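Written below as structure tokens is the structure these notes are about.
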Amino acid sequence: MRKLLFAFFVLCSMLLWCQQEPSILINKSIYSSRDGYLISNPYHSIYDSTGWLWVLGENKLSNEYVFGDKEIIIQRFDGAIFFNLALPDTFDKRIKEGHFFKHKEKGLYLKLYYTDDRADLFFIDTDTLQITPVDAYNHLSEKYIISKEFQVNNETRLIITSEEKFYSAALDGLGLRILDSIPFNGPVKNPFLEEIRSTEASTIVKLLFINEGILLNRQGKITKKIASTDFIDNQGHNFYPNEIHNSFAVNNEYFFYLDDYENVFKFDQENLRFIEIPNTNESYDSKKDMVFDNNFENGFLNEVVSDYSEVKFYDLNEFYPHLTLKIKIKNYSKTAYSQFGEDLVVLNGNTLESYSFKNSKIKTFLRGKSIRTIKKLSENKYIVATDTEGVYTINTKDNTEEKIKFTLDNKEISMNYSRDIYVNEDHTITINDSDNLYTTDANYKVIKDRSLKIIGEEIIKIEDTIFTADQRGIISQFSINEKKYTTIPNTESVQIREFATNGTRLFGTTVANGIFEYENGSFETHVFENEKAENLLSINYLKDFGVLVATKFGKIYTYDSDKNRLKLLYEDALKASIVGMVTDNNNNLWLNTYAGIVSVNRSTQKIVRYTVKDGVYELEGNRYGTYRDPEGNIWMGSYKGLSYFNPNDLSTIELNAQPQFTSVSYFDAGLNRWQVHSSPQFLDSIQTINLPSEYQRFSATMSVFGQLDRNNISYKYRLSEKGNDSDWFTSYPGKEILFANLAPGEYILEVQAVSASDEEIGNTIELRVISEKIFYKTWWFILALILLVFGLISYLFYQYKGKQKILVKNEIALNESKIKTSMMLEIHHRIKNNLQIVSGLLGLQVINSANEELKLKLQDSQSRIESIAGIHNLLYNSDSFETLSFKENVDNIIRYYQILFPLKVGYTLNFDGSMLPIDKATPLSLLLNELISNSHKHAFSDEEQPEIHIYFIKCETKYEFKYFDNGNFKEKGFKKDSMGMKIVDMMTTQLKGDLKIDNSKGFMCTLIFS
């Protein structure tokens, strides 16, 4: 125990001297309803394992100006664009709150709390975006009251309470398993749970306000019920904690903050007890409420300050907290993060603030001081001169800085205007200060016999000679071996800005004389046509570049001393002054400018600028303050501090990140609607989309997940038809790329994510797009159309030829018909004439005959012949030879009998205008003739007003004929063996009809035939 206490105390004490690499804010973005963020009152937010942010809350657009129930929605956020997701069906239950919690790799749980009902649990498959009720939880018995979730070994666990027991359970997808249970000491009406504290070793669970608690092992089994004897303070007293604040781990040992104790309690894993550790109250106020990452290497704390809150981020080295960053947020804000200490989302009202951070690989020393020169003293130790504030030593391992006290004759002297420093082989230090050039020992004591008065501020050492220059003019040299100080003649007008050397020759930039060049006792100055002398600023000799000269306006030239010529090597895009130049171990050029630190890759010509977002404390560099040590570490001085870094550690962006589609939208023929596809499963599997001919458009959105400044990312994209490359276009985060009215064909959509320095991030992503041809442009439709046209033409030609044949046949048939018609007319006419001749002959016979009986028989025969002749006369005068109007023939028969018999008989006719076939009309006419003849001969001898009624009508397929007279028929007139009746029977048989005769009142004859 004593060893543990000592180690803990010493550890915390030592780390008080340490600094961590600072976290820097690289991006802050604010989103609201204008950007698609529709939630006005966020309930909870969480990141899933793929980097998507999920937010649950009230929809700002639902009843925006009405108090009361709001629509609850879920939104997914890819860092640039928001996507809505339908809430699961809650069957009209009123939601009052809700939150998410994680489940393994590709799952979330959503827990919804209702006003008047128990909470429901839903499982969200973050790959397919399917939301499914967890019936195993939702249908738990009513005896289970409260539940809280926690994570152990990447498993989702639950603590459930009833009025009698603790229950330990495990959630796995849609399943729930009870792992263990233990009863309370007595019934508890409201068994609310405190925050569950879980470590790798065990989990401690306690009821709120009640001394009931348990310990669980990693398998979820209850190892014991906690009691006051399990908690021991420094005085050896036992107590039962009311509140368990926090837990953390150091070197596989687990510690807890309990109640108001400022010291931590160590968990004794063997005896399952909690023991107070004395003298461990360092940073108690922050650590007891801090939220830690899983490895206890980082933490953050949300503190209410006044009308705002501060979110403070800490690095934890062996759990000693070092503040790396703090940001201000509104009170009562909700927060979430994807990677602990690398990002943060703050939700308040209808505002979502997204922050991105990263640990800077650039350290800053001597903040607020203007840096002049740097040299290395020993491993991890450097000496740095400032412009006016003295000289310091810096230890890069301990991250400490200390001002040097120089002494002369055991008295401290000021050293505030040093311009350069040289560390000699004998570990002495040569340093100038205004008009003095000092040499000190390793303890910074001035060696008097190696010090002298000089003229000038700028100095440089070449072998055993130190050259000095007064900025007002005059260049001098001091021989260390000869201890001789002389002035170089004729240099009174040469005002040196900076010296450089290749080891034998001295170079310098001047105020007005261009480049100064000195060797072997003589010097020259050179001015150039391509650059003004007053623009020359910094100069340095670099082995792989030669002499480089930089200007006030961001140009670097290589100086050819043989030809006295400047050749442009580099031009800064911002035209920022360049005040220092060095190379790294890979011969890449590093520039100290007035607009940050710039690297130039010599082989690829890639240029990267490092600014405040990368940890550069002050952008405006200072002349003379640029240095590379033998190990390749680089120092860049500025007016407000000194930047230190190793080039191999720097990167502009996480280029191993991979862009990906976050949505693809097009008309889905299978679903028959425009569909926005944003599920990761779909986007990971989709390689080709098919655009139906009637909807030849689609759109897509992209994102790059990770610790990135999305303001410095853009997207290059192009849609190329297969086999042909097209031009690249540029889009930005949050923007949708849309293509419409695509011509039929096969295309490839290529998208690249690029950084601000135009460096590609990850690999190019591709999507194959097939725009289907409009049906009337497809080969099969064209072929079918050709075949159809050919078939139609063939058909029309065939029809034409057929019609021509038919026309010829019809013409022949028409001619034949005309001939037949003429012949038939002639035949009917001749038959009629012949019958009338016969009738006339019979009439002559009647006239010449004295036999009355013969006359009657001849007249009967004559009337029959006239009846038949009348039919042929009608046919002759008709347009049809097949049918005739029966009424016309009846009229002819009646006229005949009116002439034949002087008796005035009244005729009543009722006909429907039906036409009779010739084969029906002839027998019916003969039948009617016999009936009229019989009526005249036998029925009206005693009748004063004789009447005959004739009725003929067609009913569907049947003909109905009725004949009636009002006479008194004599018995012999309708004997069945009389000629008239024989003819009537014969005609009835020929007509295939049904004849009925009724002579009860007059004479009625009814004939029905078809």
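Chain lettering (A, B, ...) mirrors the order of the structure tokens, residue numbering begins at 1 for each chain separately, and ligand numbering begins at 1 in order of display.
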Extract, using only C-alpha atoms, all DNA, RNA and protein residues at most 10 Å from Tyr666 (chain A), discarding same-chain residues fewer than 3 positions from it, and format them as an NGL selection string. :A and (669 or 673-677 or 689-692 or 695-700)
Using only C-alpha atoms, I'd like a table of the residues in region 884-924 of chain A that come within 9 Å of region 945-950 of chain A; for each, show the closest atom pair and its distance in Å rounded to one decimal, ordered by chain and ascending number, as JSON lines.
{"residue": "A:Leu903", "atom": "CA", "partner": "A:Pro946", "partner_atom": "CA", "distance": 8.5}
{"residue": "A:Lys904", "atom": "CA", "partner": "A:Pro946", "partner_atom": "CA", "distance": 7.4}
{"residue": "A:Val905", "atom": "CA", "partner": "A:Pro946", "partner_atom": "CA", "distance": 5.1}
{"residue": "A:Gly906", "atom": "CA", "partner": "A:Glu947", "partner_atom": "CA", "distance": 4.6}
{"residue": "A:Tyr907", "atom": "CA", "partner": "A:Ile948", "partner_atom": "CA", "distance": 4.9}
{"residue": "A:Thr908", "atom": "CA", "partner": "A:His949", "partner_atom": "CA", "distance": 4.7}
{"residue": "A:Leu909", "atom": "CA", "partner": "A:Ile950", "partner_atom": "CA", "distance": 4.9}
{"residue": "A:Asn910", "atom": "CA", "partner": "A:Ile950", "partner_atom": "CA", "distance": 6.3}
{"residue": "A:Phe911", "atom": "CA", "partner": "A:Ile950", "partner_atom": "CA", "distance": 8.1}
Okay, now the selection with C-alpha atoms, as an mmCIF file, in the first residue's frame?
data_model
loop_
_atom_site.group_PDB
_atom_site.id
_atom_site.type_symbol
_atom_site.label_atom_id
_atom_site.label_comp_id
_atom_site.auth_asym_id
_atom_site.auth_seq_id
_atom_site.Cartn_x
_atom_site.Cartn_y
_atom_site.Cartn_z
ATOM 1 C CA LEU A 903 -121.797 -6.891 -102.939
ATOM 2 C CA LYS A 904 -120.352 -4.016 -100.971
ATOM 3 C CA VAL A 905 -118.200 -5.529 -98.280
ATOM 4 C CA GLY A 906 -116.330 -3.441 -95.723
ATOM 5 C CA TYR A 907 -112.681 -4.426 -95.293
ATOM 6 C CA THR A 908 -110.649 -3.725 -92.179
ATOM 7 C CA LEU A 909 -106.925 -4.384 -92.498
ATOM 8 C CA ASN A 910 -104.349 -4.485 -89.659
ATOM 9 C CA PHE A 911 -100.846 -5.108 -90.983
#
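Here the DSSP assignment of alpha helix (DSSP H), based on backbone atoms, applies within region 222-368 of chain A to A:Tyr284, A:Asp285, A:Ser286, A:Lys287.
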- For Ile46 (chain A), list every protein, DNA or RNA residue within 9 Å, evaluated using only C-alpha atoms, and leave out those in the same chain fewer than 3 positions away; present the list as a ChimeraX atom specification. /A:52-55,99-102,335-338
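Among A:Ile634, A:Val188, A:Leu568, A:Met915, the residue with the shortest atom-to-atom distance to Lys376 (chain A), counting only C-alpha atoms, is A:Ile634.
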Do a neighbour search on Thr364 (chain A) at 10 Å with only C-alpha atoms, toss out local chain neighbours closer than 2 positions, and write the hits as a list in words. Glu21, Pro22, Ser360, Lys361, Ile362, Leu366, Arg367, Asn399, Gly615, Val616, Tyr617, Glu618, Trp635, Met636, Gly637, Lys640, Gly641, Leu642, Ser643, Tyr644 and Phe645 of chain A
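Computed from the coordinates, the CA of Pro88 (chain A) to CA of Ile131 (chain A) distance equals 6.5 Å.
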Would you please give, as a ChimeraX atom specification, all residues of region 643-872 of chain A that DSSP assigns to strand (DSSP E or B) based on the backbone?
-> /A:643-645,659-668,673-677,688-691,698-704,714-721,729-731,737-739,745-754,760-771
- Task: Please provide as a PyMOL selection string all residues within 8 Å of Lys93 (chain A), with the sequence filter that same-chain residues fewer than 3 positions apart are discarded (counting only C-alpha atoms).
- Result: chain A and resi 90+114-117
*So which residues touch region 951-957 of chain A within 10 Å, counting only C-alpha atoms, skipping near sequence neighbours fewer than 3 positions away, as a ChimeraX atom specification?*
/A:886-887,908-916,960-964,1006-1010
Any chance you could export the current selection's N, CA and C atoms as a CSV table (one decimal), in the first residue's frame?
chain,number,residue,atom,x,y,z
A,886,PHE,N,-96.8,-8.2,-98.2
A,886,PHE,CA,-98.0,-9.0,-98.3
A,886,PHE,C,-99.2,-8.1,-98.3
A,887,LYS,N,-99.1,-7.0,-97.7
A,887,LYS,CA,-100.3,-6.1,-97.7
A,887,LYS,C,-100.7,-5.6,-99.1
A,908,THR,N,-111.5,-4.3,-93.2
A,908,THR,CA,-110.6,-3.7,-92.2
A,908,THR,C,-109.3,-4.5,-92.2
A,909,LEU,N,-108.3,-3.8,-92.4
A,909,LEU,CA,-106.9,-4.4,-92.5
A,909,LEU,C,-106.0,-3.9,-91.3
A,910,ASN,N,-105.3,-4.8,-90.7
A,910,ASN,CA,-104.3,-4.5,-89.7
A,910,ASN,C,-103.1,-5.2,-89.9
A,911,PHE,N,-102.1,-4.5,-90.6
A,911,PHE,CA,-100.8,-5.1,-91.0
A,911,PHE,C,-99.7,-4.3,-90.3
A,912,ASP,N,-98.6,-5.0,-90.0
A,912,ASP,CA,-97.4,-4.3,-89.4
A,912,ASP,C,-96.3,-4.0,-90.4
A,913,GLY,N,-96.6,-4.2,-91.6
A,913,GLY,CA,-95.6,-3.9,-92.7
A,913,GLY,C,-94.5,-4.9,-92.9
A,914,SER,N,-94.7,-6.1,-92.3
A,914,SER,CA,-93.7,-7.2,-92.5
A,914,SER,C,-93.6,-7.6,-93.9
A,915,MET,N,-92.4,-8.0,-94.3
A,915,MET,CA,-92.2,-8.5,-95.6
A,915,MET,C,-92.2,-10.0,-95.5
A,916,LEU,N,-92.8,-10.7,-96.6
A,916,LEU,CA,-92.8,-12.1,-96.6
A,916,LEU,C,-92.0,-12.7,-97.7
A,960,GLU,N,-98.4,-14.2,-87.5
A,960,GLU,CA,-99.8,-14.5,-87.0
A,960,GLU,C,-100.7,-13.9,-88.1
A,961,PHE,N,-101.6,-14.7,-88.6
A,961,PHE,CA,-102.6,-14.3,-89.6
A,961,PHE,C,-104.0,-14.6,-89.1
A,962,LYS,N,-104.8,-13.6,-89.1
A,962,LYS,CA,-106.2,-13.8,-88.7
A,962,LYS,C,-107.2,-13.3,-89.8
A,963,TYR,N,-108.2,-14.1,-89.9
A,963,TYR,CA,-109.2,-13.7,-90.9
A,963,TYR,C,-110.6,-13.8,-90.2
A,964,PHE,N,-111.4,-12.8,-90.3
A,964,PHE,CA,-112.8,-12.8,-89.7
A,964,PHE,C,-113.8,-12.1,-90.6
A,1006,THR,N,-107.6,-18.5,-87.7
A,1006,THR,CA,-106.3,-18.0,-87.2
A,1006,THR,C,-105.2,-19.0,-87.7
A,1007,LEU,N,-104.2,-18.4,-88.2
A,1007,LEU,CA,-103.0,-19.2,-88.8
A,1007,LEU,C,-101.7,-18.7,-88.2
A,1008,ILE,N,-101.0,-19.5,-87.6
A,1008,ILE,CA,-99.6,-19.1,-87.0
A,1008,ILE,C,-98.6,-20.0,-87.7
A,1009,PHE,N,-97.6,-19.4,-88.3
A,1009,PHE,CA,-96.6,-20.1,-89.0
A,1009,PHE,C,-95.3,-19.3,-88.8
A,1010,SER,N,-94.2,-20.0,-89.1
A,1010,SER,CA,-92.9,-19.4,-89.0
A,1010,SER,C,-92.2,-19.3,-90.3
